[in-house]
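Shown next, in structure tokens, is the structure this report addresses.
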Amino acid sequence: MSPASIPDIADKPTETTYQSIVEHAIEGIFQTTPDGRYLLANPALAEIYGYESVEELKGGVKEIARQLYVDPARREEFIRLMNQQDAVWGFESPIYRKDGSVIWISENVRVIRAGDQSVRYYEGTVEDITERKRVEEELRRAKTAAEEASRSKSQFLANMSHELRTPLNAIIGYSELMREEAEDLDQQSFVRDLKKIESAGKHLLELINGVLDIAKIEAGKMETHAETFDVEAMLNDVAATIAPVVEKNGNRFEIVAEPALGSMHTDLTKVRQSLFNLLGNAGKFTENGVIRLEAHRVSQNGSEFILFQVSDTGVGMSPEQCAKIFEAFTQADASTTRKFGGTGLGLAITREFSRIVGGDITVTSELGKGSTFSMRAPVTLPGTATAEPAEVRFADDPQSELSGDRPLVLLIDDDLTVHDLVRRFLHKEGFRTVCAPSGQEGLELAKTLQPSVIVLDVMMPTMDGWSVLTRVKGDPALANIPVVMLTMVDNKEMGFSLGVDDYMLKPIERGSFVSTLRKYGSPNASTSVLVLEDDATTRELLRTSLEKDGISVVEATNGAEGLRKLATIRPALILLDLMMPEMDGFQFTREVRSRPEWRDIPIIVMTAKDIAADDRTRLDGHVSRILQKGACGREELLAEISSRIARATRPTRAETELQPALAS
Amino acid sequence: MKKLLLVEDNEMNRDMLSRRLARRGYEILVATDGSEGLAEATRHLPDLIIMDMSLPVLDGWESTRALKEQPATRSIPVLALTAHAMAGERERALEAGCNDYDTKPVDFTRLLGKIETLLSGSSA
């Protein structure tokens, strides 16, 4: 290029110059209409999309949304963004090339508007980013595989530890038994040796338990159970149990508990175990000294914590030793194990426990002077305030899940705890659930059962969720079944490009999960009953009785929850308890009757209360029947419900006239 | 003499536990699976049943449910034993109708305490 030619072009670019840039650009350049046709395209774009020429591309693609985008919704998203901000950068989507192969592109586009602000066309550039996506995907897979391998290792350890405990159980048990018998027979030399076997067995058991705990923590299997307890009572209990160990080496044991410690709502076992570990250690590494247990209630950033401190006047540690003291299998130095015994797991477990309950642990120490361990634990276990009470009952008979007319959900997930969890709460929401632990089994079940919806995990061994999804969508016998992904893998784009109907991330958020599933299968309205009752036993009893009669049950524990359920399903009948927390039966009835769409759902009131005349007046005209609990037998209640449902499925004029509009 | 029924499929555990409990002055009946346990319980009406949960034929949860459904055996306390020291096991056992729960490997002193508590509770 001659130096003279450059200013020429810059000064006065000609039509030819522009054309040359467009013709020879490496990136695809285009102008498209809002309805998805090409006004302009360059050869690079045709090549990216696999067409012979620009003419072939422009002639062949008349509807960009459907012909190019793997997921037609991407084009809608594109237009939405355009309307919002007039331009997009790095808009990434999978698209079909002419030969049907899929590549990833990235688009930079702006909108060109007419004088009246209406969109004339879009113009921008396209880059093929398939290779970059492939590398990203490989990295992601490698990371997932590595995490999976680590989990498998921990799972193996957990299983192995469990297998080891069974024979060990026999070794410890028989040595204890023989020792007792030898004592009876006054065989002292046997007693001594048997005690050694017993004590070695117990030490081995302690090690295995430690490994099991660590493995469970690493495999993410360590669960928490929050309970409310008085902190001072817990401290006294811990101190009484551990005192013999702490005082063994001639140590003095002091307890300093602040007067107003109050109570905690957290995992008692883990807090206790942590204190046992800290105090046991302090006792082990201190001779003729003082061991002190302190507890204070502290506020930090608006949260309440209990600060537990265990200090000793023992051997202490150097800064180097302190730095690795919480690592598994690391004691201050290797000779420690020989001199003091122990598993080297206690502090690692203690730190994990304190983190599991939402706190942490630190140490300060000086060689020869002693150590102080400070453990902080929130007064309330994080996440428990809003947690729903554990529901332990679910369909006992898996066969019952195969028949009936409630919508059927097929769950494909290799994690069995998810099976259990999903089955339990979907049962309460009026669904039947069948679970498959692998992709192959899931596909078989899908063919034979034809479920209303498939819920699918991504990461599964042998056949992953993406492969299952591809096969479902590629099999004409299955392609119509909606698929909802339920996974920890956040890759919605992949999911939607492969045709999933909804994409939900774990951990499962119950409300949105259930309302998503309702889109694909609502419990059969004609035979379902909404039960509002705060007492779990009564609710369970009603459910069992009604389900025997082929009536599906949706439960709510108070009026507010009942209204939320009504928004997602229209039952044939409402069974209503009057006395409920949050929103009682009276208010619930008023709310239901004030909504035209719910006005004609019959309500049967069940009440333990001997209903007062003015309460009866408040309900008169708004409910179909008032039954007194106890006074009315189960048969009578069921007969009443069945006849109401029969009438509700063929509504007559007379029935609707029984439900006058709410006056107030 | 109080009569205890031990339902346990592992031969060593069954032998060891039954001998140790017998040394403490209990009369011991044994069964090796859930269905045998159910039959023995119905025939002999023991004062307490110690039930392993992972059992062949009929597992401990099913057996306990069946025991709690029969009027004759309903009031016999059931102490669940399980090798899985996993969270949620306690709830599962109690849900099936067990009156208490302990984990394996058995801490004999602790187990004795639980047995005594259940026995005194049922006679009160």
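Residue numbering restarts at 1 in every chain; chains get A, B, ... in the order shown in the structure tokens, and ligands count up from 1 in that same order.
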
Do a neighbour search on Pro77 (chain B) at 7 Å with only C-alpha atoms, toss out local chain neighbours closer than 5 positions, and write the hits as JSON, numbers by chain.
{"B": [48, 49, 99, 118]}

So that I have them on file, write out the residues from the current selection with all heavy atoms, as a PDB file, in the first residue's frame.
```pdb
ATOM      1  N   LEU B  48     -39.516 -56.487  75.523  1.00  0.00           N
ATOM      2  CA  LEU B  48     -38.849 -55.475  74.697  1.00  0.00           C
ATOM      3  C   LEU B  48     -38.285 -56.172  73.460  1.00  0.00           C
ATOM      4  O   LEU B  48     -37.872 -57.333  73.523  1.00  0.00           O
ATOM      5  CB  LEU B  48     -37.699 -54.837  75.491  1.00  0.00           C
ATOM      6  CG  LEU B  48     -36.828 -53.827  74.749  1.00  0.00           C
ATOM      7  CD1 LEU B  48     -37.428 -52.444  74.844  1.00  0.00           C
ATOM      8  CD2 LEU B  48     -35.409 -53.801  75.295  1.00  0.00           C
ATOM      9  N   ILE B  49     -38.263 -55.440  72.341  1.00  0.00           N
ATOM     10  CA  ILE B  49     -37.664 -56.005  71.128  1.00  0.00           C
ATOM     11  C   ILE B  49     -36.504 -55.118  70.696  1.00  0.00           C
ATOM     12  O   ILE B  49     -36.660 -53.894  70.606  1.00  0.00           O
ATOM     13  CB  ILE B  49     -38.703 -56.090  69.985  1.00  0.00           C
ATOM     14  CG1 ILE B  49     -39.870 -56.988  70.427  1.00  0.00           C
ATOM     15  CG2 ILE B  49     -38.064 -56.632  68.700  1.00  0.00           C
ATOM     16  CD1 ILE B  49     -41.086 -56.912  69.524  1.00  0.00           C
ATOM     17  N   ASN B  99     -39.529 -47.152  69.436  1.00  0.00           N
ATOM     18  CA  ASN B  99     -39.636 -46.284  70.603  1.00  0.00           C
ATOM     19  C   ASN B  99     -38.331 -45.572  70.910  1.00  0.00           C
ATOM     20  O   ASN B  99     -38.312 -44.519  71.511  1.00  0.00           O
ATOM     21  CB  ASN B  99     -40.069 -47.091  71.818  1.00  0.00           C
ATOM     22  CG  ASN B  99     -41.392 -47.783  71.557  1.00  0.00           C
ATOM     23  OD1 ASN B  99     -41.460 -48.734  70.783  1.00  0.00           O
ATOM     24  ND2 ASN B  99     -42.455 -47.280  72.157  1.00  0.00           N
ATOM     25  N   LEU B 118     -36.561 -48.026  78.615  1.00  0.00           N
ATOM     26  CA  LEU B 118     -37.767 -48.497  77.921  1.00  0.00           C
ATOM     27  C   LEU B 118     -38.553 -49.488  78.772  1.00  0.00           C
ATOM     28  O   LEU B 118     -39.779 -49.444  78.810  1.00  0.00           O
ATOM     29  CB  LEU B 118     -37.395 -49.143  76.587  1.00  0.00           C
ATOM     30  CG  LEU B 118     -36.998 -48.185  75.465  1.00  0.00           C
ATOM     31  CD1 LEU B 118     -36.599 -48.959  74.219  1.00  0.00           C
ATOM     32  CD2 LEU B 118     -38.133 -47.221  75.128  1.00  0.00           C
TER      33      LEU B 118
END
```

Residues of chain B were defined as contacting chain A if any atom lay at most 12 Å from it, counting only C-alpha atoms; please report them as number ranges by chain.
B: 10-24, 61-62, 65, 82-96, 103-109

From B:Met1, B:Leu119, B:Val7, B:Ala41, residue lying nearest Ala80 (chain B) [only C-alpha atoms]:
B:Val7

Length of the CA of Val455 (chain A) to CA of Gly521 (chain A) vector [Å]
12.3 Å

Residues at most 9 Å from Ile508 (chain A), counting only C-alpha atoms, excluding those fewer than 4 positions away in the same chain, as a ChimeraX atom specification?
/A:422,486-487,504,512-513

Name the residues of region 286-522 of chain A that fall into strand (DSSP E) according to DSSP on the backbone, using the chain letters and numbers of this document, as a ChimeraX atom specification.
/A:290-300,303-312,360-366,370-378,408-412,432-436,453-456,483-487,502-505

From region 152-374 of chain A, collect each residue whose DSSP state is helix (DSSP H, G or I) and return the set as a ChimeraX atom specification.
/A:152-184,188-218,231-246,268-284,319-323,334-340,346-356

Which residues come within 12 Å of Thr266 (chain A), counting only C-alpha atoms, excluding same-chain residues fewer than 6 positions away, as a ChimeraX atom specification?
/A:223-231,272,305-306,353-354,356-359,377-385

Kindly save the residues from that selection, with N, CA and C atoms included, as a short mmCIF file (atom, residue, chain, number, x, y, z; two decimals), in the first residue's frame.
```cif
data_model
loop_
_atom_site.label_atom_id
_atom_site.label_comp_id
_atom_site.auth_asym_id
_atom_site.auth_seq_id
_atom_site.Cartn_x
_atom_site.Cartn_y
_atom_site.Cartn_z
N GLU A 223 -25.20 -33.71 57.36
CA GLU A 223 -26.44 -32.95 57.50
C GLU A 223 -26.50 -32.28 58.85
N THR A 224 -27.37 -31.29 58.98
CA THR A 224 -27.54 -30.63 60.27
C THR A 224 -28.97 -30.81 60.76
N HIS A 225 -29.09 -30.86 62.07
CA HIS A 225 -30.41 -30.96 62.69
C HIS A 225 -30.48 -29.91 63.78
N ALA A 226 -31.23 -28.86 63.53
CA ALA A 226 -31.27 -27.79 64.51
C ALA A 226 -32.25 -28.13 65.63
N GLU A 227 -31.84 -27.85 66.86
CA GLU A 227 -32.77 -27.95 67.98
C GLU A 227 -32.49 -26.79 68.94
N THR A 228 -33.46 -26.46 69.74
CA THR A 228 -33.29 -25.34 70.65
C THR A 228 -32.82 -25.89 72.00
N PHE A 229 -31.76 -25.27 72.55
CA PHE A 229 -31.27 -25.73 73.85
C PHE A 229 -30.69 -24.56 74.63
N ASP A 230 -30.63 -24.75 75.94
CA ASP A 230 -30.09 -23.73 76.82
C ASP A 230 -28.56 -23.87 76.84
N VAL A 231 -27.84 -22.77 76.53
CA VAL A 231 -26.40 -22.86 76.36
C VAL A 231 -25.71 -23.27 77.66
N ARG A 272 -21.59 -29.80 70.69
CA ARG A 272 -21.09 -30.61 71.80
C ARG A 272 -19.81 -31.35 71.41
N PHE A 305 -23.98 -14.31 68.16
CA PHE A 305 -23.13 -15.49 68.18
C PHE A 305 -22.86 -15.90 69.62
N ILE A 306 -22.49 -17.16 69.81
CA ILE A 306 -21.90 -17.57 71.08
C ILE A 306 -20.42 -17.82 70.78
N PHE A 353 -17.12 -28.83 61.65
CA PHE A 353 -18.38 -28.73 62.39
C PHE A 353 -18.73 -27.26 62.65
N SER A 354 -17.72 -26.49 63.08
CA SER A 354 -18.04 -25.10 63.41
C SER A 354 -18.45 -24.35 62.15
N ILE A 356 -19.95 -25.82 59.53
CA ILE A 356 -21.27 -26.34 59.16
C ILE A 356 -22.38 -25.61 59.92
N VAL A 357 -22.11 -25.26 61.18
CA VAL A 357 -23.15 -24.53 61.92
C VAL A 357 -23.06 -23.02 61.67
N GLY A 358 -22.24 -22.61 60.68
CA GLY A 358 -22.21 -21.21 60.28
C GLY A 358 -21.17 -20.36 60.98
N GLY A 359 -20.29 -20.98 61.75
CA GLY A 359 -19.27 -20.22 62.47
C GLY A 359 -17.89 -20.56 61.97
N ALA A 377 -20.11 -19.56 67.03
CA ALA A 377 -21.25 -20.22 66.36
C ALA A 377 -22.47 -19.33 66.44
N PRO A 378 -23.14 -19.09 65.30
CA PRO A 378 -24.34 -18.25 65.34
C PRO A 378 -25.39 -18.87 66.27
N VAL A 379 -26.14 -18.01 66.94
CA VAL A 379 -27.18 -18.47 67.86
C VAL A 379 -28.24 -19.28 67.11
N THR A 380 -28.51 -18.87 65.86
CA THR A 380 -29.48 -19.61 65.05
C THR A 380 -28.77 -20.20 63.84
N LEU A 381 -28.95 -21.48 63.64
CA LEU A 381 -28.34 -22.14 62.48
C LEU A 381 -28.84 -21.48 61.21
N PRO A 382 -27.93 -20.99 60.34
CA PRO A 382 -28.39 -20.29 59.13
C PRO A 382 -29.33 -21.17 58.32
N GLY A 383 -30.39 -20.54 57.82
CA GLY A 383 -31.32 -21.28 56.96
C GLY A 383 -32.42 -22.00 57.70
N THR A 384 -32.39 -22.00 59.04
CA THR A 384 -33.42 -22.76 59.73
C THR A 384 -34.66 -21.93 60.03
N ALA A 385 -34.50 -20.61 60.04
CA ALA A 385 -35.64 -19.77 60.40
C ALA A 385 -36.78 -19.94 59.40
#
```

Residue contacts of Leu505 (chain A) (12 Å, only C-alpha atoms) excluding same-chain residues fewer than 3 positions away, as a list in words
Val455, Leu456, Asp457, Val458, Val484, Met485, Leu486, Thr487, Met488, Val489, Asp490, Asn491, Lys492, Gly495, Asp502, Ile508, Glu509, Arg510, Ser512 and Phe513 of chain A

Here is a test: counting only C-alpha atoms, which residue of A:Glu561, A:Asp71, A:Glu55, A:Glu540 is nearest to Asp501 (chain A)?
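Smallest distance to Asp501 (chain A) is found for A:Asp71.
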
Compile the contact shell of Thr117 (chain B) as a ChimeraX atom specification: residues with an atom at most 12 Å away, counting only C-alpha atoms, same-chain residues fewer than 6 positions apart removed.
/B:48,77-79,99-100,110-111,123-124

I'd like the contact shell of Val211 (chain A) - 12 Å cut-off, only C-alpha atoms, skipping same-chain residues fewer than 2 positions apart - returned as a ChimeraX atom specification.
/A:154-162,164-165,204-209,213-219,328-329,343-346,348-349
